[in-house]
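Peer 1: Just so it is clear, I am handing over work-v8.cif, which has mmCIF, C-alpha atoms.
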data_model
#
loop_
_atom_site.label_atom_id
_atom_site.label_comp_id
_atom_site.auth_asym_id
_atom_site.auth_seq_id
_atom_site.Cartn_x
_atom_site.Cartn_y
_atom_site.Cartn_z
CA SER A 18 0.00 0.00 0.00
CA LEU A 19 3.02 2.28 0.47
CA ALA A 20 4.43 1.58 -3.00
CA PRO A 21 2.84 4.67 -4.69
CA PHE A 22 4.22 6.94 -1.96
CA SER A 23 7.66 5.41 -2.36
CA LEU A 24 7.51 6.08 -6.11
CA VAL A 25 6.62 9.74 -5.47
CA GLY A 26 9.60 10.00 -3.12
CA ILE A 27 11.94 8.60 -5.77
CA ILE A 28 10.65 11.05 -8.38
CA GLY A 29 11.29 13.93 -5.96
CA MET A 30 14.91 12.90 -5.48
CA LEU A 31 15.46 12.43 -9.21
CA TYR A 32 14.16 15.95 -9.87
CA THR A 33 16.48 17.36 -7.19
CA THR A 34 19.46 15.55 -8.71
CA LEU A 35 18.63 16.96 -12.14
CA ALA A 36 18.22 20.49 -10.74
CA MET A 37 21.56 20.33 -8.93
CA GLY A 38 23.22 19.15 -12.13
CA ILE A 39 21.72 22.02 -14.13
CA ARG A 40 22.95 24.59 -11.59
CA TYR A 41 26.45 23.11 -11.45
CA LEU A 42 26.87 22.87 -15.22
CA GLY A 43 25.31 26.30 -15.71
CA GLY A 44 27.79 27.95 -13.31
CA GLY A 45 25.12 30.06 -11.65
CA TYR A 46 26.85 29.82 -8.25
CA LYS A 47 30.43 30.44 -9.38
CA THR A 48 32.02 33.79 -8.62
CA GLY A 49 30.09 36.37 -10.63
CA GLY A 50 27.32 33.89 -11.42
CA LYS A 51 23.64 34.76 -11.54
CA PHE A 52 22.91 33.46 -8.02
CA ALA A 53 26.34 33.83 -6.40
CA ALA A 54 25.51 36.97 -4.42
CA ALA A 55 22.30 35.48 -2.98
CA ALA A 56 23.80 32.10 -2.01
CA LEU A 57 24.20 31.10 1.65
CA ALA A 58 28.00 31.26 1.36
CA ALA A 59 30.58 31.65 -1.36
CA PRO A 60 32.06 28.39 -2.71
CA SER A 61 35.29 27.41 -0.95
CA PHE A 62 37.80 24.91 -2.29
CA GLY A 63 41.13 23.81 -0.79
CA SER A 64 44.31 22.61 -2.42
CA LYS A 65 44.76 19.15 -0.87
CA GLY A 66 42.88 17.32 -3.60
CA ALA A 67 42.38 13.57 -3.31
CA SER A 68 44.76 13.40 -0.32
CA SER A 69 41.92 14.78 1.82
CA VAL A 70 40.39 11.31 1.73
CA LEU A 71 43.15 10.19 4.11
CA SER A 72 42.21 12.89 6.64
CA PRO A 73 40.53 11.68 9.88
CA THR A 74 37.64 14.02 9.12
CA ALA A 75 36.77 11.75 6.18
CA LEU A 76 35.31 9.38 8.78
CA ILE A 77 32.52 11.90 9.37
CA LEU A 78 31.51 11.59 5.72
CA MET A 79 31.66 7.79 5.95
CA CYS A 80 29.37 7.93 8.98
CA MET A 81 26.95 10.14 7.07
CA LEU A 82 26.97 7.70 4.17
CA SER A 83 26.02 4.90 6.56
CA ASN A 84 22.60 6.54 6.83
CA ALA A 85 21.93 5.53 3.24
CA TYR A 86 21.77 1.84 4.10
CA ILE A 87 19.95 1.50 7.41
CA ALA A 88 16.69 0.06 6.11
CA HIS A 89 17.80 -3.52 6.82
CA PHE A 90 14.92 -3.99 9.26
CA ASN A 91 12.46 -3.81 6.37
CA ALA A 92 14.14 -6.61 4.41
CA PRO A 93 11.88 -9.42 5.75
CA LYS A 94 8.76 -7.32 4.99
CA PHE A 95 9.97 -6.56 1.46
CA TYR A 96 10.79 -10.22 0.87
CA LEU A 97 7.38 -11.43 2.05
CA GLU A 98 5.54 -8.82 -0.04
CA LEU A 99 7.61 -9.42 -3.18
CA LYS A 100 5.66 -11.02 -6.02
CA ASN A 101 6.97 -14.51 -6.71
CA ASN A 102 9.33 -14.09 -3.77
CA THR A 103 12.14 -16.46 -4.59
CA LEU A 104 15.65 -15.74 -3.33
CA PRO A 105 17.09 -15.11 -6.82
CA ARG A 106 14.38 -12.49 -7.47
CA PHE A 107 15.02 -10.90 -4.07
CA TYR A 108 18.76 -10.78 -4.82
CA GLN A 109 17.95 -8.88 -8.00
CA VAL A 110 15.75 -6.40 -6.13
CA VAL A 111 18.45 -5.80 -3.53
CA GLY A 112 21.19 -5.51 -6.15
CA TRP A 113 19.33 -3.02 -8.31
CA SER A 114 18.01 -0.94 -5.40
CA PHE A 115 21.40 -0.69 -3.72
CA GLY A 116 23.11 0.00 -7.03
CA VAL A 117 20.74 2.82 -7.94
CA SER A 118 20.99 4.24 -4.41
CA ILE A 119 24.79 4.27 -4.57
CA LEU A 120 24.70 6.00 -7.95
CA LEU A 121 22.15 8.60 -6.81
CA TYR A 122 23.93 9.39 -3.54
CA SER A 123 27.28 9.67 -5.33
CA ILE A 124 25.89 12.08 -7.93
CA ILE A 125 24.14 14.29 -5.35
CA THR A 126 27.19 14.36 -3.07
CA GLY A 127 29.50 15.13 -5.99
CA LEU A 128 27.33 17.90 -7.43
CA GLY A 129 26.88 19.56 -4.05
CA PHE A 130 30.59 19.54 -3.27
CA LEU A 131 31.66 20.59 -6.76
CA THR A 132 29.29 23.56 -6.54
CA PHE A 133 30.05 24.81 -3.01
CA GLY A 134 33.08 22.89 -1.74
CA ALA A 135 33.86 23.32 1.96
CA ALA A 136 31.00 25.84 2.22
CA SER A 137 28.47 23.04 1.75
CA ASN A 138 25.76 23.10 4.40
CA GLY A 139 24.59 20.00 6.27
CA PHE A 140 21.41 20.30 4.20
CA ILE A 141 22.84 21.15 0.80
CA LEU A 142 19.68 22.83 -0.50
CA ASN A 143 20.21 25.57 2.10
CA ASN A 144 23.22 26.71 0.06
CA TYR A 145 21.10 27.68 -2.91
CA ALA A 146 19.59 31.16 -3.18
CA ASN A 147 15.99 31.65 -2.11
CA SER A 148 15.42 33.50 -5.38
CA ASP A 149 16.43 30.39 -7.36
CA LEU A 150 13.06 29.01 -8.52
CA LEU A 151 14.53 25.76 -9.85
CA MET A 152 16.08 24.93 -6.46
CA GLY A 153 13.02 26.26 -4.64
CA LEU A 154 11.02 23.57 -6.37
CA SER A 155 13.72 21.10 -5.34
CA ARG A 156 13.04 21.96 -1.70
CA VAL A 157 9.38 21.18 -2.28
CA ALA A 158 10.33 17.94 -4.06
CA VAL A 159 12.57 16.85 -1.18
CA ALA A 160 9.84 17.70 1.35
CA ILE A 161 7.40 15.53 -0.60
CA SER A 162 10.01 12.79 -0.94
CA ILE A 163 10.69 12.72 2.80
CA THR A 164 6.99 12.80 3.65
CA CYS A 165 6.22 9.92 1.29
CA SER A 166 9.20 7.73 2.22
CA TYR A 167 9.08 8.39 5.97
CA PRO A 168 6.41 5.74 6.66
CA LEU A 169 8.73 3.03 5.29
CA CYS A 170 11.27 3.75 8.04
CA PHE A 171 8.74 4.66 10.69
CA ILE A 172 6.85 1.36 10.47
CA GLY A 173 10.09 -0.50 11.02
CA ALA A 174 10.91 1.63 14.08
CA ARG A 175 7.41 1.23 15.52
CA ASP A 176 7.36 -2.53 15.03
CA GLY A 177 10.86 -2.78 16.47
CA ILE A 178 9.80 -1.01 19.67
CA LEU A 179 6.78 -3.29 20.01
CA ASP A 180 9.04 -6.31 19.50
CA LEU A 181 11.47 -4.96 22.11
CA PHE A 182 8.69 -4.83 24.68
CA LYS A 183 7.37 -8.21 23.47
CA VAL A 184 3.92 -6.90 22.60
CA LYS A 185 2.08 -9.75 20.92
CA THR A 186 -1.46 -8.36 20.57
CA ARG A 187 -1.40 -5.27 18.37
CA SER A 188 -4.83 -3.75 17.93
CA ASP A 189 -5.46 -0.74 15.71
CA GLY A 190 -5.99 1.38 18.81
CA LEU A 191 -2.62 0.41 20.26
CA LEU A 192 -0.82 0.98 16.96
CA ASN A 193 -2.42 4.43 16.65
CA LYS A 194 -1.39 5.41 20.19
CA VAL A 195 2.20 4.22 19.69
CA THR A 196 2.35 6.00 16.34
CA LEU A 197 1.12 9.31 17.75
CA GLY A 198 3.44 9.05 20.75
CA MET A 199 6.50 8.35 18.65
CA LEU A 200 5.64 11.09 16.17
CA ALA A 201 5.25 13.58 19.02
CA ILE A 202 8.67 12.72 20.44
CA VAL A 203 10.40 12.77 17.05
CA THR A 204 8.75 16.07 16.09
CA ALA A 205 9.78 17.68 19.38
CA LEU A 206 13.39 16.58 18.87
CA ALA A 207 13.37 17.72 15.25
CA SER A 208 12.23 21.19 16.28
CA LYS A 209 15.32 21.55 18.48
CA LEU A 210 17.97 19.81 16.38
CA THR A 211 18.49 22.14 13.42
CA ASP A 212 22.01 21.08 12.37
CA LEU A 213 21.21 18.30 9.91
CA GLY A 214 24.91 17.68 9.29
CA LEU A 215 25.43 16.87 12.98
CA VAL A 216 22.32 14.69 13.09
CA ALA A 217 23.41 12.76 9.99
CA SER A 218 27.01 12.30 11.15
CA VAL A 219 26.21 11.26 14.73
CA GLY A 220 23.26 9.13 13.65
CA GLY A 221 25.35 7.47 10.98
CA ALA A 222 28.27 6.92 13.35
CA THR A 223 26.06 5.21 15.92
CA PHE A 224 23.01 3.57 14.36
CA GLY A 225 24.36 3.53 10.82
CA THR A 226 27.67 1.78 11.50
CA ALA A 227 25.95 -0.57 13.95
CA LEU A 228 23.33 -1.67 11.40
CA VAL A 229 25.71 -1.79 8.45
CA PHE A 230 28.86 -3.28 9.98
CA VAL A 231 28.35 -4.54 13.54
CA TYR A 232 24.94 -6.21 13.86
CA PRO A 233 25.09 -8.28 10.63
CA ALA A 234 28.51 -9.61 11.67
CA ILE A 235 27.26 -10.49 15.15
CA MET A 236 24.20 -12.26 13.72
CA PHE A 237 26.42 -14.26 11.37
CA LEU A 238 28.73 -15.30 14.21
CA LYS A 239 25.80 -16.21 16.49
CA ASN A 240 24.16 -18.27 13.76
CA GLN A 241 27.44 -20.02 13.00
CA LYS A 242 27.90 -20.90 16.67
CA LYS A 243 24.28 -22.05 17.03
CA ASN A 244 24.66 -24.45 14.11
CA GLY A 245 27.93 -25.82 15.51
CA GLN A 246 29.94 -24.76 12.47
CA LYS A 247 33.71 -24.48 12.59
CA ALA A 248 35.50 -21.18 12.18
CA THR A 249 36.23 -20.26 8.57
CA ALA A 250 37.73 -17.32 6.70
CA GLU A 251 34.26 -15.72 6.81
CA THR A 252 34.34 -15.96 10.61
CA TRP A 253 37.49 -13.85 10.82
CA ALA A 254 36.19 -11.47 8.18
CA ALA A 255 33.01 -10.93 10.23
CA LYS A 256 35.04 -10.26 13.39
CA ILE A 257 37.26 -7.77 11.58
CA ILE A 258 34.28 -5.96 10.01
CA ALA A 259 32.50 -5.71 13.38
CA THR A 260 35.65 -4.39 15.09
CA LEU A 261 36.28 -1.82 12.36
CA GLY A 262 32.64 -0.74 12.57
CA VAL A 263 32.95 -0.06 16.31
CA ILE A 264 36.22 1.84 15.85
CA MET A 265 34.94 3.89 12.94
CA GLY A 266 31.69 4.69 14.76
CA GLY A 267 33.50 5.75 17.92
CA ILE A 268 35.97 8.02 16.14
CA GLY A 269 33.29 9.43 13.84
CA THR A 270 30.99 10.25 16.74
CA GLY A 271 33.76 11.97 18.68
CA MET A 272 34.87 14.08 15.73
CA ALA A 273 31.30 15.02 14.81
CA LEU A 274 30.55 16.17 18.35
CA LYS A 275 33.71 18.28 18.35
CA GLY A 276 32.24 20.16 15.40
CA LEU A 277 35.14 19.48 13.04
CA ASP A 278 34.55 20.57 9.45
CA VAL A 279 34.53 18.00 6.71
#
Mind turning the file's structure into C-alpha cells?

Peer 2:
Amino acid sequence: SLAPFSLVGIIGMLYTTLAMGIRYLGGGYKTGGKFAAAALAAPSFGSKGASSVLSPTALILMCMLSNAYIAHFNAPKFYLELKNNTLPRFYQVVGWSFGVSILLYSIITGLGFLTFGAASNGFILNNYANSDLLMGLSRVAVAISITCSYPLCFIGARDGILDLFKVKTRSDGLLNKVTLGMLAIVTALASKLTDLGLVASVGGATFGTALVFVYPAIMFLKNQKKNGQKATAETWAAKIIATLGVIMGGIGTGMALKGLDV
C-alpha cells in the first residue's frame, strides 16, 4: 500500500538531482554567477585534492553515508511482499536498489561539493539562493520525498519497539497510540535539532555503523555458533568488520561532536 508513496519519493529525489546538475553545469553559483551573491555562502575549495580522503575528518563523511543503508529492518517485509518471492528475485531487487541508491547518492554528493566545496551546508539545498526558482522547487520535491518515504522507516521503528517490549497483541488502537506518541517525540526533537549535518554524522556513526557493519557480523557469528559450524575465513572477516565498525563509529561520533569541518 506504500508503493505509490515510495515512487513519489523517488521522483522527488530524481528531480532534485537533475536540478543540482543544471545549476552546477550552468555555473550560476560560481564567482560572478547569476545566483552567487544570494547564495548562503561563497564556494570554498582547498588545495589538498584527493589526499583529503586520508584525513581523519573523512570518517565523518563515511558515517553520514552509513545513513543511506539503514533500512535492513524492512528486508523481511519486502521479501514477504515481493511477487513470486524467490531468493534469486530478491537478490535482483536488492542488487538493483542498492546499485541505484549508490549512484544517486554519489551524484548528489558530488554535485553539491563541486558547486560549493567546503562551504556546503549540512542540508545542501540551504546553500542555494531563495530566489532560485529551480532549487526552490527542489526543496518542495525533497519535502514531498521525505513525507512519502518516511512511513517506510517509521513502520520498522514502531514494530521494532513493540518487538522490544514483546507486545504480541497489536490492535489498531494500540498501533495508533504508539504512532502518535513516537511522532510527538520525534517532532519535538526535530524542532530543536536544526544542524542536519550533525544529526546525519552522529546518527550514521552510531546507528548507521551498527546496522551496516556490527549487527550483521554479530548475527552471522551467532548463527554459525548455534549451528555448531567451525570457524572459517568468513568468521574472521566478520570479526574484523564488526571491530572496524565499532572503531569507525566511535571516532566518527567523537569528531562530529567536536564540530570538526569535513

Peer 1: When distances are computed from only C-alpha atoms, which of A:Ala217, A:Lys94, A:Ala254, A:Asn193 shows the smallest separation from Ala273 (chain A)?

Peer 2: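 Counting only C-alpha atoms, the residue closest to Ala273 (chain A) is A:Ala217.
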
Peer 1: Evaluating the PyMOL selection byres ((chain A and resi 264) around 12) on the displayed file yields which residues, as a list of chain:residue names?

Peer 2: A:Leu76, A:Cys80, A:Ala222, A:Thr223, A:Thr226, A:Ala227, A:Phe230, A:Val231, A:Ile257, A:Ile258, A:Ala259, A:Thr260, A:Leu261, A:Gly262, A:Val263, A:Met265, A:Gly266, A:Gly267, A:Ile268, A:Gly269, A:Thr270, A:Gly271

Peer 1: Enumerate, in order of chain and increasing residue number, the residues of region 130-227 of chain A with an atom no farther than 10 Å from region 35-38 of chain A, each with its shortest atom pair and distance in Å to one decimal, counting all atoms listed in the file, as a tab-separated table.

Peer 2:
residue	atom	partner	partner_atom	distance
A:Thr132	CA	A:Met37	CA	8.7
A:Ile141	CA	A:Met37	CA	9.8
A:Leu142	CA	A:Met37	CA	9.0
A:Tyr145	CA	A:Met37	CA	9.5
A:Leu151	CA	A:Ala36	CA	6.5
A:Met152	CA	A:Ala36	CA	6.5
A:Gly153	CA	A:Ala36	CA	9.9
A:Leu154	CA	A:Ala36	CA	9.0
A:Ser155	CA	A:Ala36	CA	7.1

Peer 1: With all atoms listed in the file as the atoms that count, which of A:Tyr167, A:Tyr96, A:Tyr108, A:Phe115 lies nearest to Val203 (chain A)?

Peer 2: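 Closest to Val203 (chain A), using all atoms listed in the file: A:Tyr167.
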
Peer 1: Residues within 12 Å of Ile178 (chain A), please, as a list in words. Count only C-alpha atoms; anything in the same chain fewer than 6 positions from it doesn't count.

Peer 2: Phe90, Phe171, Ile172, Val184, Lys185, Leu192, Val195, Thr196, Gly198 and Met199 of chain A

Peer 1: Given only C-alpha atoms as the basis, pick out the residue of A:Gly173, A:Gly29, A:Gly221, A:Gly245 nearest to Ala92 (chain A).

Peer 2: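 Checking each candidate against Ala92 (chain A), we get A:Gly173 as the closest.
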
Peer 1: The PyMOL selection byres ((chain A and resi 216) around 12) on the file shown: which residues, as a PDB file with C-alpha atoms, in the coordinates of the input?

Peer 2:
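For reference, selection.pdb as written:
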ATOM      1  CA  ILE A  77      32.520  11.900   9.370  1.00  0.00           C
ATOM      2  CA  CYS A  80      29.370   7.930   8.980  1.00  0.00           C
ATOM      3  CA  MET A  81      26.950  10.140   7.070  1.00  0.00           C
ATOM      4  CA  ASN A  84      22.600   6.540   6.830  1.00  0.00           C
ATOM      5  CA  GLY A 139      24.590  20.000   6.270  1.00  0.00           C
ATOM      6  CA  PHE A 140      21.410  20.300   4.200  1.00  0.00           C
ATOM      7  CA  LEU A 206      13.390  16.580  18.870  1.00  0.00           C
ATOM      8  CA  ALA A 207      13.370  17.720  15.250  1.00  0.00           C
ATOM      9  CA  LYS A 209      15.320  21.550  18.480  1.00  0.00           C
ATOM     10  CA  LEU A 210      17.970  19.810  16.380  1.00  0.00           C
ATOM     11  CA  THR A 211      18.490  22.140  13.420  1.00  0.00           C
ATOM     12  CA  ASP A 212      22.010  21.080  12.370  1.00  0.00           C
ATOM     13  CA  LEU A 213      21.210  18.300   9.910  1.00  0.00           C
ATOM     14  CA  GLY A 214      24.910  17.680   9.290  1.00  0.00           C
ATOM     15  CA  LEU A 215      25.430  16.870  12.980  1.00  0.00           C
ATOM     16  CA  ALA A 217      23.410  12.760   9.990  1.00  0.00           C
ATOM     17  CA  SER A 218      27.010  12.300  11.150  1.00  0.00           C
ATOM     18  CA  VAL A 219      26.210  11.260  14.730  1.00  0.00           C
ATOM     19  CA  GLY A 220      23.260   9.130  13.650  1.00  0.00           C
ATOM     20  CA  GLY A 221      25.350   7.470  10.980  1.00  0.00           C
ATOM     21  CA  ALA A 222      28.270   6.920  13.350  1.00  0.00           C
ATOM     22  CA  THR A 223      26.060   5.210  15.920  1.00  0.00           C
ATOM     23  CA  PHE A 224      23.010   3.570  14.360  1.00  0.00           C
ATOM     24  CA  GLY A 225      24.360   3.530  10.820  1.00  0.00           C
ATOM     25  CA  THR A 270      30.990  10.250  16.740  1.00  0.00           C
ATOM     26  CA  ALA A 273      31.300  15.020  14.810  1.00  0.00           C
ATOM     27  CA  LEU A 274      30.550  16.170  18.350  1.00  0.00           C
ATOM     28  CA  GLY A 276      32.240  20.160  15.400  1.00  0.00           C
TER      29      GLY A 276
END

Peer 1: For each of A:Ala58, A:Gly112, A:Ser23, A:Leu131, take the minimum atom-to-atom distance to Leu42 (chain A), counting only C-alpha atoms, then give the residue where this is smallest.

Peer 2: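 Once distances to Leu42 (chain A) are computed over only C-alpha atoms, the minimum belongs to A:Leu131.
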
Peer 1: Can you tell me, as a list in words, what residues are no more than 10 Å from Thr164 (chain A) when counting only C-alpha atoms, ignoring any on the same chain fewer than 2 positions away?

Peer 2: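 Here the qualifying residues turn out to be Phe22, Ser23, Val25, Gly26, Ala158, Val159, Ala160, Ile161, Ser162, Ser166, Tyr167 and Pro168 of chain A.
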
Peer 1: A:Ala59, A:Tyr46, A:Ile87, A:Ser137: which is nearest Pro233 (chain A), counting all atoms listed in the file?

Peer 2: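 The shortest atom-to-atom distance to Pro233 (chain A) comes from A:Ile87.
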
Peer 1: Rounded to one decimal place, report the CA of Ala136 (chain A)-CA of Ser61 (chain A) distance in Å.

Peer 2: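 Distance reported for this atom pair: 5.6 Å.
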
Peer 1: What is the CA of Leu150 (chain A)-CA of Gly127 (chain A) distance in Å, reported with one decimal?

Peer 2: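 Going from CA of Leu150 (chain A) over to CA of Gly127 (chain A), I get 21.7 Å.
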
Peer 1: For a test of reading the model, state the distance in Å between CA of Asn143 (chain A) and CA of Leu57 (chain A), rounded to one decimal.

Peer 2: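 Distance between the two atoms: 6.8 Å.
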
Peer 1: Taking all atoms listed in the file into account, name the residue in A:Leu104, A:Ala146, A:Leu31, A:Lys65 that is nearest to Gly50 (chain A).

Peer 2: A:Ala146

Peer 1: When the PyMOL selection byres ((chain A and resi 63) around 12) is applied to the structure above, which residues does it catch, written out as a VMD selection string?

Peer 2: chain A and resid 60 to 62 64 to 69 130 to 131 133 to 136 279

Peer 1: Where atoms are missing, can you supply N, CA, C and O atoms for region 112-132 of chain A and output the lot as a PDB file, in the coordinates of the input?

Peer 2:
ATOM      1  N   GLY A 112      20.075  -5.968  -5.328  1.00  0.00           N
ATOM      2  CA  GLY A 112      21.190  -5.510  -6.150  1.00  0.00           C
ATOM      3  C   GLY A 112      20.872  -4.226  -6.900  1.00  0.00           C
ATOM      4  O   GLY A 112      21.653  -3.264  -6.888  1.00  0.00           O
ATOM      5  N   TRP A 113      19.714  -4.209  -7.547  1.00  0.00           N
ATOM      6  CA  TRP A 113      19.330  -3.020  -8.310  1.00  0.00           C
ATOM      7  C   TRP A 113      19.048  -1.822  -7.397  1.00  0.00           C
ATOM      8  O   TRP A 113      19.460  -0.693  -7.694  1.00  0.00           O
ATOM      9  N   SER A 114      18.352  -2.053  -6.290  1.00  0.00           N
ATOM     10  CA  SER A 114      18.010  -0.940  -5.400  1.00  0.00           C
ATOM     11  C   SER A 114      19.264  -0.344  -4.758  1.00  0.00           C
ATOM     12  O   SER A 114      19.428   0.884  -4.697  1.00  0.00           O
ATOM     13  N   PHE A 115      20.171  -1.196  -4.312  1.00  0.00           N
ATOM     14  CA  PHE A 115      21.400  -0.690  -3.720  1.00  0.00           C
ATOM     15  C   PHE A 115      22.269  -0.013  -4.779  1.00  0.00           C
ATOM     16  O   PHE A 115      22.898   1.023  -4.510  1.00  0.00           O
ATOM     17  N   GLY A 116      22.305  -0.590  -5.961  1.00  0.00           N
ATOM     18  CA  GLY A 116      23.110   0.000  -7.030  1.00  0.00           C
ATOM     19  C   GLY A 116      22.622   1.385  -7.426  1.00  0.00           C
ATOM     20  O   GLY A 116      23.419   2.321  -7.559  1.00  0.00           O
ATOM     21  N   VAL A 117      21.316   1.514  -7.592  1.00  0.00           N
ATOM     22  CA  VAL A 117      20.740   2.820  -7.940  1.00  0.00           C
ATOM     23  C   VAL A 117      20.931   3.819  -6.806  1.00  0.00           C
ATOM     24  O   VAL A 117      21.224   4.998  -7.040  1.00  0.00           O
ATOM     25  N   SER A 118      20.795   3.360  -5.563  1.00  0.00           N
ATOM     26  CA  SER A 118      20.990   4.240  -4.410  1.00  0.00           C
ATOM     27  C   SER A 118      22.426   4.758  -4.359  1.00  0.00           C
ATOM     28  O   SER A 118      22.662   5.954  -4.120  1.00  0.00           O
ATOM     29  N   ILE A 119      23.379   3.868  -4.570  1.00  0.00           N
ATOM     30  CA  ILE A 119      24.790   4.270  -4.570  1.00  0.00           C
ATOM     31  C   ILE A 119      25.042   5.314  -5.649  1.00  0.00           C
ATOM     32  O   ILE A 119      25.709   6.331  -5.415  1.00  0.00           O
ATOM     33  N   LEU A 120      24.513   5.072  -6.834  1.00  0.00           N
ATOM     34  CA  LEU A 120      24.700   6.000  -7.950  1.00  0.00           C
ATOM     35  C   LEU A 120      24.086   7.366  -7.632  1.00  0.00           C
ATOM     36  O   LEU A 120      24.726   8.410  -7.832  1.00  0.00           O
ATOM     37  N   LEU A 121      22.857   7.352  -7.106  1.00  0.00           N
ATOM     38  CA  LEU A 121      22.150   8.600  -6.810  1.00  0.00           C
ATOM     39  C   LEU A 121      22.857   9.388  -5.715  1.00  0.00           C
ATOM     40  O   LEU A 121      23.058  10.608  -5.827  1.00  0.00           O
ATOM     41  N   TYR A 122      23.235   8.722  -4.642  1.00  0.00           N
ATOM     42  CA  TYR A 122      23.930   9.390  -3.540  1.00  0.00           C
ATOM     43  C   TYR A 122      25.269   9.956  -4.007  1.00  0.00           C
ATOM     44  O   TYR A 122      25.677  11.050  -3.587  1.00  0.00           O
ATOM     45  N   SER A 123      25.973   9.208  -4.843  1.00  0.00           N
ATOM     46  CA  SER A 123      27.280   9.670  -5.330  1.00  0.00           C
ATOM     47  C   SER A 123      27.128  10.922  -6.186  1.00  0.00           C
ATOM     48  O   SER A 123      27.907  11.874  -6.059  1.00  0.00           O
ATOM     49  N   ILE A 124      26.118  10.926  -7.054  1.00  0.00           N
ATOM     50  CA  ILE A 124      25.890  12.080  -7.930  1.00  0.00           C
ATOM     51  C   ILE A 124      25.518  13.319  -7.111  1.00  0.00           C
ATOM     52  O   ILE A 124      26.069  14.408  -7.306  1.00  0.00           O
ATOM     53  N   ILE A 125      24.583  13.158  -6.172  1.00  0.00           N
ATOM     54  CA  ILE A 125      24.140  14.290  -5.350  1.00  0.00           C
ATOM     55  C   ILE A 125      25.291  14.835  -4.511  1.00  0.00           C
ATOM     56  O   ILE A 125      25.506  16.050  -4.429  1.00  0.00           O
ATOM     57  N   THR A 126      26.053  13.932  -3.885  1.00  0.00           N
ATOM     58  CA  THR A 126      27.190  14.360  -3.070  1.00  0.00           C
ATOM     59  C   THR A 126      28.222  15.087  -3.927  1.00  0.00           C
ATOM     60  O   THR A 126      28.739  16.149  -3.545  1.00  0.00           O
ATOM     61  N   GLY A 127      28.514  14.524  -5.099  1.00  0.00           N
ATOM     62  CA  GLY A 127      29.500  15.130  -5.990  1.00  0.00           C
ATOM     63  C   GLY A 127      29.063  16.500  -6.490  1.00  0.00           C
ATOM     64  O   GLY A 127      29.842  17.454  -6.475  1.00  0.00           O
ATOM     65  N   LEU A 128      27.825  16.613  -6.915  1.00  0.00           N
ATOM     66  CA  LEU A 128      27.330  17.900  -7.430  1.00  0.00           C
ATOM     67  C   LEU A 128      27.318  18.973  -6.347  1.00  0.00           C
ATOM     68  O   LEU A 128      27.689  20.129  -6.594  1.00  0.00           O
ATOM     69  N   GLY A 129      26.906  18.595  -5.140  1.00  0.00           N
ATOM     70  CA  GLY A 129      26.880  19.560  -4.050  1.00  0.00           C
ATOM     71  C   GLY A 129      28.269  20.063  -3.715  1.00  0.00           C
ATOM     72  O   GLY A 129      28.501  21.278  -3.566  1.00  0.00           O
ATOM     73  N   PHE A 130      29.227  19.140  -3.625  1.00  0.00           N
ATOM     74  CA  PHE A 130      30.590  19.540  -3.270  1.00  0.00           C
ATOM     75  C   PHE A 130      31.257  20.313  -4.408  1.00  0.00           C
ATOM     76  O   PHE A 130      31.956  21.306  -4.163  1.00  0.00           O
ATOM     77  N   LEU A 131      31.054  19.888  -5.632  1.00  0.00           N
ATOM     78  CA  LEU A 131      31.660  20.590  -6.760  1.00  0.00           C
ATOM     79  C   LEU A 131      31.109  21.997  -6.925  1.00  0.00           C
ATOM     80  O   LEU A 131      31.769  22.873  -7.482  1.00  0.00           O
ATOM     81  N   THR A 132      29.901  22.222  -6.443  1.00  0.00           N
ATOM     82  CA  THR A 132      29.290  23.560  -6.540  1.00  0.00           C
ATOM     83  C   THR A 132      29.738  24.472  -5.406  1.00  0.00           C
ATOM     84  O   THR A 132      30.049  25.648  -5.635  1.00  0.00           O
TER      85      THR A 132
END
